[in-house]
file final_12.tsv (TSV, C-alpha atoms and all ligand atoms)
chain	number	residue	atom	x	y	z
T	30	MET	CA	-4.04	24.79	48.08
T	31	ARG	CA	-2.02	26.99	45.80
T	32	ARG	CA	-1.80	25.74	42.22
T	33	ARG	CA	1.93	25.07	42.51
T	34	ASP	CA	1.50	22.99	45.67
T	35	PHE	CA	-1.33	21.12	44.09
T	36	VAL	CA	0.77	20.25	41.06
T	37	GLN	CA	3.62	19.10	43.29
T	38	ALA	CA	1.35	16.98	45.43
T	39	SER	CA	-0.14	15.35	42.32
T	40	LEU	CA	3.30	14.62	40.99
T	41	ALA	CA	4.27	12.97	44.29
T	42	VAL	CA	1.19	10.75	44.16
T	43	ALA	CA	1.92	9.89	40.55
T	44	ALA	CA	5.53	8.99	41.36
T	45	HIS	CA	4.44	6.84	44.27
T	46	THR	CA	1.91	4.98	42.13
T	47	ALA	CA	4.52	4.48	39.43
T	48	LEU	CA	6.89	2.90	41.96
T	49	GLN	CA	4.24	0.48	43.12
T	50	ALA	CA	3.25	-0.55	39.62
T	51	PRO	CA	4.96	-3.69	38.31
T	52	VAL	CA	8.00	-2.99	36.17
T	53	ALA	CA	7.08	-3.34	32.54
T	54	HIS	CA	9.51	-5.70	30.84
T	55	ALA	CA	10.80	-4.38	27.60
T	56	SER	CA	9.40	-6.91	25.16
T	57	PRO	CA	10.31	-6.97	21.49
T	58	PRO	CA	7.70	-5.31	19.29
T	59	PRO	CA	5.40	-7.76	17.49
T	60	ARG	CA	6.47	-9.05	14.07
T	61	ILE	CA	5.72	-6.87	11.11
T	62	ALA	CA	2.79	-8.46	9.28
T	63	TYR	CA	3.61	-9.98	5.89
T	64	GLY	CA	0.92	-10.22	3.26
T	65	SER	CA	0.16	-10.72	-0.39
T	66	ALA	CA	-2.21	-9.50	-3.07
T	67	VAL	CA	-4.69	-12.22	-4.02
T	68	ARG	CA	-6.42	-13.11	-7.28
T	69	GLY	CA	-10.02	-14.13	-6.76
T	70	ASP	CA	-10.07	-16.75	-9.54
T	71	ALA	CA	-6.90	-18.51	-8.39
T	72	LEU	CA	-8.20	-18.48	-4.83
T	73	VAL	CA	-11.10	-20.62	-5.99
T	74	ASP	CA	-9.23	-22.84	-8.47
T	75	ASP	CA	-5.82	-23.52	-6.94
T	76	PHE	CA	-5.45	-25.41	-3.69
T	77	ALA	CA	-1.67	-24.97	-3.59
T	78	TYR	CA	-2.17	-21.20	-3.89
T	79	ARG	CA	-4.55	-21.09	-0.94
T	80	THR	CA	-2.13	-23.22	1.06
T	81	ALA	CA	0.81	-20.93	0.28
T	82	LEU	CA	-1.17	-17.87	1.34
T	83	VAL	CA	-2.15	-19.44	4.65
T	84	ASP	CA	1.35	-20.80	5.27
T	85	HIS	CA	3.15	-17.51	4.71
T	86	CYS	CA	0.77	-14.59	5.22
T	87	GLN	CA	-0.86	-12.71	8.03
T	88	LEU	CA	-2.46	-10.26	5.63
T	89	VAL	CA	-4.19	-10.34	2.25
T	90	VAL	CA	-5.35	-7.65	-0.17
T	91	PRO	CA	-7.44	-8.15	-3.32
T	92	GLU	CA	-5.36	-7.59	-6.47
T	93	GLY	CA	-8.36	-6.28	-8.37
T	94	GLY	CA	-11.51	-7.23	-6.49
T	95	LEU	CA	-12.13	-3.89	-4.80
T	96	LYS	CA	-11.34	-1.58	-7.72
T	97	TRP	CA	-14.18	0.41	-9.31
T	98	GLU	CA	-14.11	-1.89	-12.32
T	99	ALA	CA	-15.11	-4.81	-10.07
T	100	VAL	CA	-17.27	-3.02	-7.52
T	101	ARG	CA	-19.23	-0.60	-9.73
T	102	PRO	CA	-20.89	-2.30	-12.70
T	103	SER	CA	-23.16	0.74	-12.96
T	104	GLU	CA	-23.76	4.06	-11.29
T	105	ASP	CA	-26.28	2.71	-8.83
T	106	ARG	CA	-24.90	-0.77	-8.20
T	107	PHE	CA	-22.21	-2.01	-5.83
T	108	ASP	CA	-20.88	-5.54	-6.26
T	109	PHE	CA	-18.97	-6.87	-3.28
T	110	TYR	CA	-18.68	-10.46	-4.45
T	111	GLU	CA	-14.88	-10.45	-4.73
T	112	GLY	CA	-14.29	-8.45	-1.56
T	113	ASP	CA	-16.60	-10.67	0.44
T	114	LYS	CA	-15.00	-13.81	-0.95
T	115	LEU	CA	-11.51	-12.77	0.09
T	116	LEU	CA	-12.70	-11.53	3.47
T	117	ALA	CA	-14.37	-14.90	4.12
T	118	PHE	CA	-11.10	-16.65	3.23
T	119	ALA	CA	-9.19	-14.29	5.52
T	120	ASP	CA	-11.61	-14.82	8.40
T	121	GLN	CA	-11.54	-18.60	8.04
T	122	ASN	CA	-7.77	-18.62	8.18
T	123	GLY	CA	-7.07	-15.99	10.80
T	124	LEU	CA	-5.70	-13.42	8.33
T	125	LYS	CA	-6.36	-9.70	8.17
T	126	MET	CA	-7.36	-7.94	4.97
T	127	ARG	CA	-6.33	-4.58	3.51
T	128	GLY	CA	-8.41	-2.56	1.09
T	129	HIS	CA	-7.13	-1.58	-2.37
T	130	THR	CA	-8.13	0.91	-3.69
T	131	LEU	CA	-10.72	3.69	-3.46
T	132	ILE	CA	-9.45	6.37	-5.82
T	133	TRP	CA	-7.20	5.52	-8.78
T	134	TYR	CA	-7.03	6.86	-12.34
T	135	ALA	CA	-7.14	3.32	-13.79
T	136	ALA	CA	-9.59	0.41	-13.71
T	137	MET	CA	-12.52	2.80	-14.00
T	138	PRO	CA	-15.70	1.47	-15.61
T	139	GLU	CA	-16.78	3.15	-18.84
T	140	TRP	CA	-19.89	4.77	-17.33
T	141	THR	CA	-17.75	7.01	-15.07
T	142	SER	CA	-16.56	8.98	-18.11
T	143	SER	CA	-19.95	10.72	-18.07
T	144	ILE	CA	-19.27	12.24	-14.63
T	145	ARG	CA	-18.79	15.97	-15.27
T	146	GLY	CA	-18.46	19.05	-13.10
T	147	GLY	CA	-17.18	19.62	-9.58
T	148	LYS	CA	-20.45	18.92	-7.81
T	149	ALA	CA	-21.24	15.70	-9.65
T	150	ALA	CA	-17.69	14.43	-9.19
T	151	GLU	CA	-17.67	15.18	-5.49
T	152	LYS	CA	-21.01	13.43	-5.09
T	153	ALA	CA	-19.80	10.35	-6.96
T	154	LEU	CA	-16.50	10.20	-5.09
T	155	SER	CA	-18.15	10.65	-1.70
T	156	LYS	CA	-20.78	8.03	-2.41
T	157	HIS	CA	-18.17	5.51	-3.46
T	158	VAL	CA	-15.80	6.03	-0.56
T	159	ARG	CA	-18.57	6.17	2.02
T	160	THR	CA	-20.28	3.04	0.72
T	161	VAL	CA	-17.20	0.86	0.22
T	162	VAL	CA	-15.40	1.79	3.44
T	163	GLY	CA	-18.72	1.69	5.32
T	164	LYS	CA	-19.51	-1.77	3.99
T	165	TYR	CA	-16.33	-3.16	5.57
T	166	LYS	CA	-16.38	-0.96	8.67
T	167	GLY	CA	-14.48	-2.67	11.49
T	168	ARG	CA	-13.35	-5.47	9.16
T	169	ILE	CA	-10.77	-3.86	6.89
T	170	PRO	CA	-8.30	-2.03	9.15
T	171	SER	CA	-6.25	-0.34	6.42
T	172	TRP	CA	-7.25	1.21	3.09
T	173	ASP	CA	-5.37	2.59	0.11
T	174	VAL	CA	-7.54	5.67	-0.13
T	175	ILE	CA	-5.57	7.30	-2.93
T	176	ASN	CA	-3.52	5.32	-5.42
T	177	GLU	CA	-0.92	6.80	-7.79
T	178	ALA	CA	-1.87	10.48	-7.47
T	179	ILE	CA	1.57	11.76	-8.48
T	180	ALA	CA	2.32	12.76	-12.07
T	181	GLU	CA	4.54	10.34	-13.99
T	182	ASP	CA	7.21	13.02	-14.28
T	183	PRO	CA	6.26	15.83	-11.90
T	184	ARG	CA	7.41	19.34	-12.77
T	185	GLY	CA	6.58	22.54	-10.90
T	186	SER	CA	2.87	22.95	-10.46
T	187	ASP	CA	2.18	19.89	-12.65
T	188	TYR	CA	2.83	17.40	-9.91
T	189	LEU	CA	-0.45	15.52	-9.85
T	190	ARG	CA	-1.51	12.85	-12.31
T	191	PRO	CA	-4.50	13.85	-14.38
T	192	ASN	CA	-7.64	11.86	-13.62
T	193	LEU	CA	-11.38	12.27	-13.57
T	194	TRP	CA	-11.31	13.71	-10.07
T	195	LEU	CA	-8.47	16.19	-10.56
T	196	GLU	CA	-10.09	17.47	-13.73
T	197	ASN	CA	-13.43	18.06	-12.08
T	198	MET	CA	-12.60	18.87	-8.46
T	199	GLY	CA	-9.03	20.14	-8.51
T	200	LYS	CA	-6.46	18.84	-6.04
T	201	GLY	CA	-9.02	18.96	-3.21
T	202	TYR	CA	-10.29	15.57	-4.37
T	203	ILE	CA	-7.50	13.98	-2.33
T	204	GLU	CA	-8.53	15.65	0.90
T	205	THR	CA	-12.20	14.90	0.26
T	206	ALA	CA	-11.46	11.20	-0.23
T	207	PHE	CA	-9.51	11.02	3.04
T	208	ARG	CA	-12.22	12.84	4.97
T	209	ARG	CA	-15.02	10.64	3.61
T	210	ALA	CA	-13.02	7.50	4.40
T	211	GLN	CA	-12.46	8.60	7.96
T	212	GLU	CA	-16.11	9.45	8.44
T	213	ALA	CA	-17.08	6.00	7.18
T	214	ASP	CA	-14.73	4.16	9.55
T	215	PRO	CA	-12.83	6.35	12.03
T	216	LYS	CA	-10.51	3.51	13.07
T	217	VAL	CA	-9.08	2.70	9.66
T	218	GLN	CA	-5.44	3.36	8.72
T	219	LEU	CA	-5.75	5.73	5.75
T	220	VAL	CA	-3.00	5.34	3.18
T	221	ILE	CA	-1.76	7.23	0.13
T	222	ASN	CA	-0.06	4.69	-2.12
T	223	GLU	CA	2.59	5.42	-4.76
T	224	TYR	CA	5.03	3.77	-7.17
T	225	ASP	CA	8.47	4.75	-8.50
T	226	ILE	CA	9.60	6.47	-5.32
T	227	GLU	CA	12.29	3.96	-4.37
T	228	CYS	CA	15.17	4.05	-6.85
T	229	VAL	CA	18.12	6.29	-7.71
T	230	GLY	CA	17.38	8.94	-10.33
T	231	GLU	CA	15.94	12.39	-10.79
T	232	GLN	CA	12.47	11.21	-11.66
T	233	PHE	CA	12.25	9.09	-8.52
T	234	THR	CA	13.48	12.00	-6.38
T	235	ASN	CA	10.98	14.36	-7.97
T	236	ARG	CA	8.20	11.88	-7.35
T	237	ARG	CA	9.14	11.51	-3.68
T	238	ASN	CA	9.20	15.28	-3.30
T	239	ALA	CA	5.83	15.67	-5.00
T	240	LEU	CA	4.37	13.06	-2.68
T	241	LEU	CA	5.82	14.82	0.35
T	242	ARG	CA	4.17	17.99	-0.87
T	243	VAL	CA	0.79	16.27	-1.03
T	244	VAL	CA	1.18	14.78	2.45
T	245	ARG	CA	2.35	18.08	3.92
T	246	ASP	CA	-0.58	19.85	2.33
T	247	LEU	CA	-3.01	17.35	3.86
T	248	ARG	CA	-1.35	17.69	7.25
T	249	ASP	CA	-1.48	21.51	7.05
T	250	ARG	CA	-5.20	21.26	6.42
T	251	ASP	CA	-5.66	18.80	9.28
T	252	ALA	CA	-6.91	16.15	6.93
T	253	PRO	CA	-6.74	12.56	8.15
T	254	ILE	CA	-3.85	10.65	6.58
T	255	HIS	CA	-1.96	8.00	8.49
T	256	ALA	CA	0.56	6.37	6.19
T	257	VAL	CA	2.37	6.38	2.88
T	258	GLY	CA	2.43	3.10	0.99
T	259	PHE	CA	5.56	2.29	-0.96
T	260	GLN	CA	4.18	0.13	-3.74
T	261	GLY	CA	7.67	-1.24	-4.26
T	262	HIS	CA	7.35	-2.40	-7.87
T	263	LEU	CA	11.12	-2.20	-8.01
T	264	LYS	CA	12.81	-1.98	-11.39
T	265	GLY	CA	15.57	-4.50	-10.89
T	266	GLN	CA	18.08	-2.65	-13.07
T	267	TYR	CA	18.11	0.39	-10.77
T	268	GLU	CA	19.75	0.76	-7.37
T	269	ILE	CA	17.61	1.66	-4.40
T	270	ASP	CA	18.14	5.26	-3.30
T	271	LYS	CA	18.87	4.26	0.29
T	272	GLU	CA	19.57	7.76	1.56
T	273	GLY	CA	16.67	9.26	-0.35
T	274	VAL	CA	14.26	6.63	0.98
T	275	SER	CA	15.47	6.93	4.58
T	276	SER	CA	15.24	10.71	4.65
T	277	PHE	CA	11.80	10.58	2.99
T	278	VAL	CA	10.59	8.16	5.67
T	279	ALA	CA	12.16	10.34	8.39
T	280	GLU	CA	10.35	13.42	7.06
T	281	LEU	CA	7.08	11.51	7.11
T	282	LYS	CA	7.77	10.31	10.63
T	283	ALA	CA	8.33	13.90	11.74
T	284	MET	CA	4.80	14.62	10.51
T	285	ASP	CA	3.56	11.55	12.39
T	286	VAL	CA	2.88	9.68	9.14
T	287	ASP	CA	3.73	5.95	9.05
T	288	VAL	CA	4.93	3.89	6.13
T	289	LEU	CA	4.24	0.42	4.79
T	290	VAL	CA	5.21	-1.58	1.73
T	291	THR	CA	2.08	-2.46	-0.21
T	292	GLU	CA	2.96	-4.11	-3.54
T	293	LEU	CA	6.55	-5.33	-3.45
T	294	ASP	CA	7.91	-7.27	-6.43
T	295	VAL	CA	11.07	-6.91	-8.49
T	296	ILE	CA	10.63	-6.33	-12.20
T	297	ASP	CA	13.27	-8.51	-13.85
T	298	ASN	CA	12.94	-7.97	-17.59
T	299	LEU	CA	16.37	-6.33	-17.74
T	300	LEU	CA	18.13	-8.63	-15.26
T	301	PRO	CA	20.51	-11.51	-16.15
T	302	ALA	CA	19.07	-14.67	-17.71
T	303	ASP	CA	20.73	-16.96	-15.17
T	304	GLU	CA	18.01	-17.66	-12.62
T	305	LYS	CA	20.25	-17.97	-9.61
T	306	GLN	CA	21.99	-14.71	-10.39
T	307	ARG	CA	18.68	-13.03	-11.14
T	308	ASP	CA	17.13	-14.19	-7.87
T	309	GLU	CA	20.10	-12.79	-5.95
T	310	VAL	CA	19.74	-9.35	-7.52
T	311	ILE	CA	16.00	-9.42	-6.81
T	312	ALA	CA	16.53	-10.33	-3.16
T	313	GLY	CA	19.22	-7.68	-2.83
T	314	ARG	CA	17.02	-4.88	-4.19
T	315	ALA	CA	14.19	-5.80	-1.85
T	316	SER	CA	16.57	-6.00	1.09
T	317	ASP	CA	18.00	-2.57	0.28
T	318	LEU	CA	14.54	-1.02	0.19
T	319	LEU	CA	13.36	-2.64	3.42
T	320	GLN	CA	16.58	-1.71	5.23
T	321	ALA	CA	16.41	1.90	4.02
T	322	ILE	CA	12.85	2.18	5.33
T	323	LEU	CA	13.65	0.45	8.60
T	324	ASP	CA	16.64	2.73	9.19
T	325	ALA	CA	14.15	5.59	9.59
T	326	ASN	CA	10.93	3.97	10.80
T	327	ARG	CA	9.37	0.57	11.24
T	328	PRO	CA	6.93	-0.22	8.41
T	329	THR	CA	3.46	-1.17	9.63
T	330	ALA	CA	3.28	-4.06	7.12
T	331	ILE	CA	5.08	-5.58	4.14
T	332	LEU	CA	2.99	-6.96	1.27
T	333	THR	CA	4.08	-8.40	-2.06
T	334	TRP	CA	1.94	-8.07	-5.18
T	335	GLY	CA	1.22	-11.76	-5.35
T	336	ILE	CA	3.08	-14.59	-3.71
T	337	THR	CA	4.01	-16.90	-6.59
T	338	ASP	CA	5.54	-16.26	-10.03
T	339	ARG	CA	2.59	-18.30	-11.32
T	340	TYR	CA	0.28	-15.31	-10.79
T	341	THR	CA	1.97	-11.97	-11.38
T	342	TRP	CA	1.05	-8.82	-13.25
T	343	VAL	CA	4.69	-8.23	-14.31
T	344	PRO	CA	4.53	-9.97	-17.75
T	345	MET	CA	1.58	-7.72	-18.70
T	346	TRP	CA	4.14	-4.92	-19.17
T	347	PHE	CA	7.63	-6.31	-18.67
T	348	THR	CA	8.17	-9.56	-20.58
T	349	ARG	CA	11.77	-10.59	-21.16
T	350	ASP	CA	13.37	-10.50	-24.59
T	351	ASP	CA	14.84	-13.99	-24.08
T	352	GLY	CA	11.33	-15.36	-23.55
T	353	SER	CA	12.10	-16.77	-20.11
T	354	PRO	CA	9.35	-16.24	-17.50
T	355	ASN	CA	9.53	-13.39	-14.99
T	356	ARG	CA	10.48	-14.24	-11.41
T	357	PRO	CA	9.39	-11.16	-9.43
T	358	LEU	CA	7.79	-12.81	-6.38
T	359	PRO	CA	8.87	-14.69	-3.23
T	360	LEU	CA	7.77	-18.18	-4.38
T	361	ASP	CA	8.52	-19.69	-7.78
T	362	ARG	CA	5.88	-21.19	-10.06
T	363	ASP	CA	6.00	-24.44	-8.06
T	364	TYR	CA	5.63	-22.64	-4.74
T	365	LYS	CA	9.25	-23.12	-3.80
T	366	ALA	CA	10.67	-20.28	-1.69
T	367	LYS	CA	13.31	-18.10	-3.40
T	368	PRO	CA	15.87	-15.77	-1.79
T	369	LEU	CA	13.27	-12.96	-1.81
T	370	MET	CA	11.20	-14.95	0.70
T	371	ASP	CA	14.23	-15.26	2.98
T	372	VAL	CA	14.72	-11.50	2.86
T	373	ILE	CA	11.10	-10.89	3.80
T	374	GLY	CA	11.32	-13.45	6.59
T	375	ARG	CA	14.37	-11.71	7.96
T	376	PHE	CA	12.73	-8.30	8.03
T	377	VAL	CA	9.39	-9.30	9.46
T	378	SER	CA	10.92	-11.23	12.34
T	379	ARG	CA	13.77	-9.01	13.42
T	380	ALA	CA	12.27	-5.55	13.06
L	1	LIG	C1	-2.64	-4.49	-11.45
L	1	LIG	C2	-3.04	-5.95	-11.31
L	1	LIG	O1	-1.99	-6.67	-10.74
L	1	LIG	C3	-3.41	-6.50	-12.65
L	1	LIG	O2	-3.83	-7.83	-12.54
L	1	LIG	C4	-4.51	-5.61	-13.22
L	1	LIG	O3	-4.92	-6.04	-14.45
L	1	LIG	C5	-4.02	-4.18	-13.34
L	1	LIG	O4	-3.65	-3.73	-12.06
L	1	LIG	N1	-0.16	-0.67	-9.17
L	1	LIG	C6	-1.33	-0.90	-8.48
L	1	LIG	C7	-2.08	-2.15	-8.73
L	1	LIG	O5	-1.68	-0.13	-7.59
L	1	LIG	O6	-3.46	-1.99	-8.53
L	1	LIG	C8	-1.80	-2.71	-10.09
L	1	LIG	O7	-2.43	-3.96	-10.16
L	1	LIG	C9	-0.32	-2.81	-10.34
L	1	LIG	C10	0.33	-1.47	-10.26
call {"tool": "encode", "arguments": {"input": "final_12.tsv", "output": "structure tokens"}}
result
Amino acid sequence: MRRRDFVQASLAVAAHTALQAPVAHASPPPRIAYGSAVRGDALVDDFAYRTALVDHCQLVVPEGGLKWEAVRPSEDRFDFYEGDKLLAFADQNGLKMRGHTLIWYAAMPEWTSSIRGGKAAEKALSKHVRTVVGKYKGRIPSWDVINEAIAEDPRGSDYLRPNLWLENMGKGYIETAFRRAQEADPKVQLVINEYDIECVGEQFTNRRNALLRVVRDLRDRDAPIHAVGFQGHLKGQYEIDKEGVSSFVAELKAMDVDVLVTELDVIDNLLPADEKQRDEVIAGRASDLLQAILDANRPTAILTWGITDRYTWVPMWFTRDDGSPNRPLPLDRDYKAKPLMDVIGRFVSRA
């Protein structure tokens, strides 16, 4: 048979088979998973907290339990107490767990400051990524491999944030981390996670562009990267750059890179004192971000950085001048749902 005839015959068989196959009903895509960061101490101490997590979440992520500070008491020790504890809770309650985070400039134990030179740094980075991802192989389906790699205010060639790894290995540390993570668990969604890429303003635009540059560079080098995480620590006083976010997500999609929201909360130190008004602004900002993302691609998950105002990192940096407590999260201090929870509910069910 000539090649052309063969191809035509195969096509005919394929068409015939397709006609016989049952018609696939277009079913709505599954809900987007909602999740929260979890504090290990509150998980043990607070029954209402555990209940809220189980009632609302399909996903959890440790707020600090898998950072170097927690996992690496010394150069040769790994401590998985916190990670294991949260994973056990997730398993018992039918939740999935994300990993946060492998490589970040902060939360580094003191002993790491003695790591010097390209070779030593690469060895330390590889050992960490391999061991931590390997430990949870098949059990943590998504990892923040790189956290906050972009310079605070990127300019020209200074677009990466200085850290131990950049200083010793150059920008290749990012690619190395992704490659080691993939080797340790080839099925994991590998994420680069970043903050201050959501709002209107030159600095936010520059940060988005710098992040695109990093992702493009990884793609050009065939390095494994699957998604960009919008941390989503929204500064309530700024508008969301809806067009900027949508076109950023569209550019990522064109490179076959997904997006997710990893640490949503709305920083309210400069918002009105009136709680009802404040909660409305907070819900509106979150809604704007989620809509802008969804306009270009469906996020693979939406997580908030905590679930209740009782346990939030926001007052560490952003207390209010009027002394009233921050309200950045979906549930208030008494676990009552606020408008932000309604917004999340709307997005996870309709998208
Ligand atoms: C924060 C935690 O919420 C705090 O409890 C901790 O003390 C410091 O780190 N971006 C991140 C998170 O990626 O890891 C940070 O978490 C908040 C900002």
call {"tool": "atom_distance", "arguments": {"input": "final_12.tsv", "atom1": "atom CA of Pro344 of chain T", "atom2": "atom CA of Gln306 of chain T"}}
result
19.5 Å
call {"tool": "residues_around", "arguments": {"input": "final_12.tsv", "residues": "Phe277 of chain T", "least_positions_apart": "3", "cutoff": "9 Å", "atoms": "all atoms listed in the file", "output": "PDB file with C-alpha atoms, in the frame of the given file"}}
result
ATOM      1  CA  ARG T 237       9.140  11.510  -3.680  1.00  0.00           C
ATOM      2  CA  ASN T 238       9.200  15.280  -3.300  1.00  0.00           C
ATOM      3  CA  LEU T 241       5.820  14.820   0.350  1.00  0.00           C
ATOM      4  CA  GLU T 272      19.570   7.760   1.560  1.00  0.00           C
ATOM      5  CA  GLY T 273      16.670   9.260  -0.350  1.00  0.00           C
ATOM      6  CA  VAL T 274      14.260   6.630   0.980  1.00  0.00           C
ATOM      7  CA  GLU T 280      10.350  13.420   7.060  1.00  0.00           C
ATOM      8  CA  LEU T 281       7.080  11.510   7.110  1.00  0.00           C
ATOM      9  CA  LYS T 282       7.770  10.310  10.630  1.00  0.00           C
ATOM     10  CA  ILE T 322      12.850   2.180   5.330  1.00  0.00           C
ATOM     11  CA  ALA T 325      14.150   5.590   9.590  1.00  0.00           C
TER      12      ALA T 325
END
call {"tool": "closest_residue", "arguments": {"input": "final_12.tsv", "among": "T:Leu318, T:Leu154, T:Val343, T:Ile203", "to": "Ile269 of chain T", "atoms": "only C-alpha atoms"}}
result
T:Leu318
call {"tool": "closest_residue", "arguments": {"input": "final_12.tsv", "among": "T:Val243, T:Ile169, T:Ala99, T:Ile132", "to": "Trp194 of chain T", "atoms": "all atoms listed in the file"}}
result
T:Ile132
call {"tool": "residues_near_point", "arguments": {"input": "final_12.tsv", "point": "(7.8, 4.5, 7.7)", "cutoff": "7 Å", "atoms": "all atoms listed in the file", "output": "list in words"}}
result
Val278, Lys282, Asp287, Val288, Leu289, Ile322, Ala325, Asn326, Arg327 and Pro328 of chain T
call {"tool": "closest_residue", "arguments": {"input": "final_12.tsv", "among": "T:Ile179, T:Lys305, T:Pro102, T:Gln260", "to": "Val244 of chain T", "atoms": "all atoms listed in the file"}}
result
T:Ile179
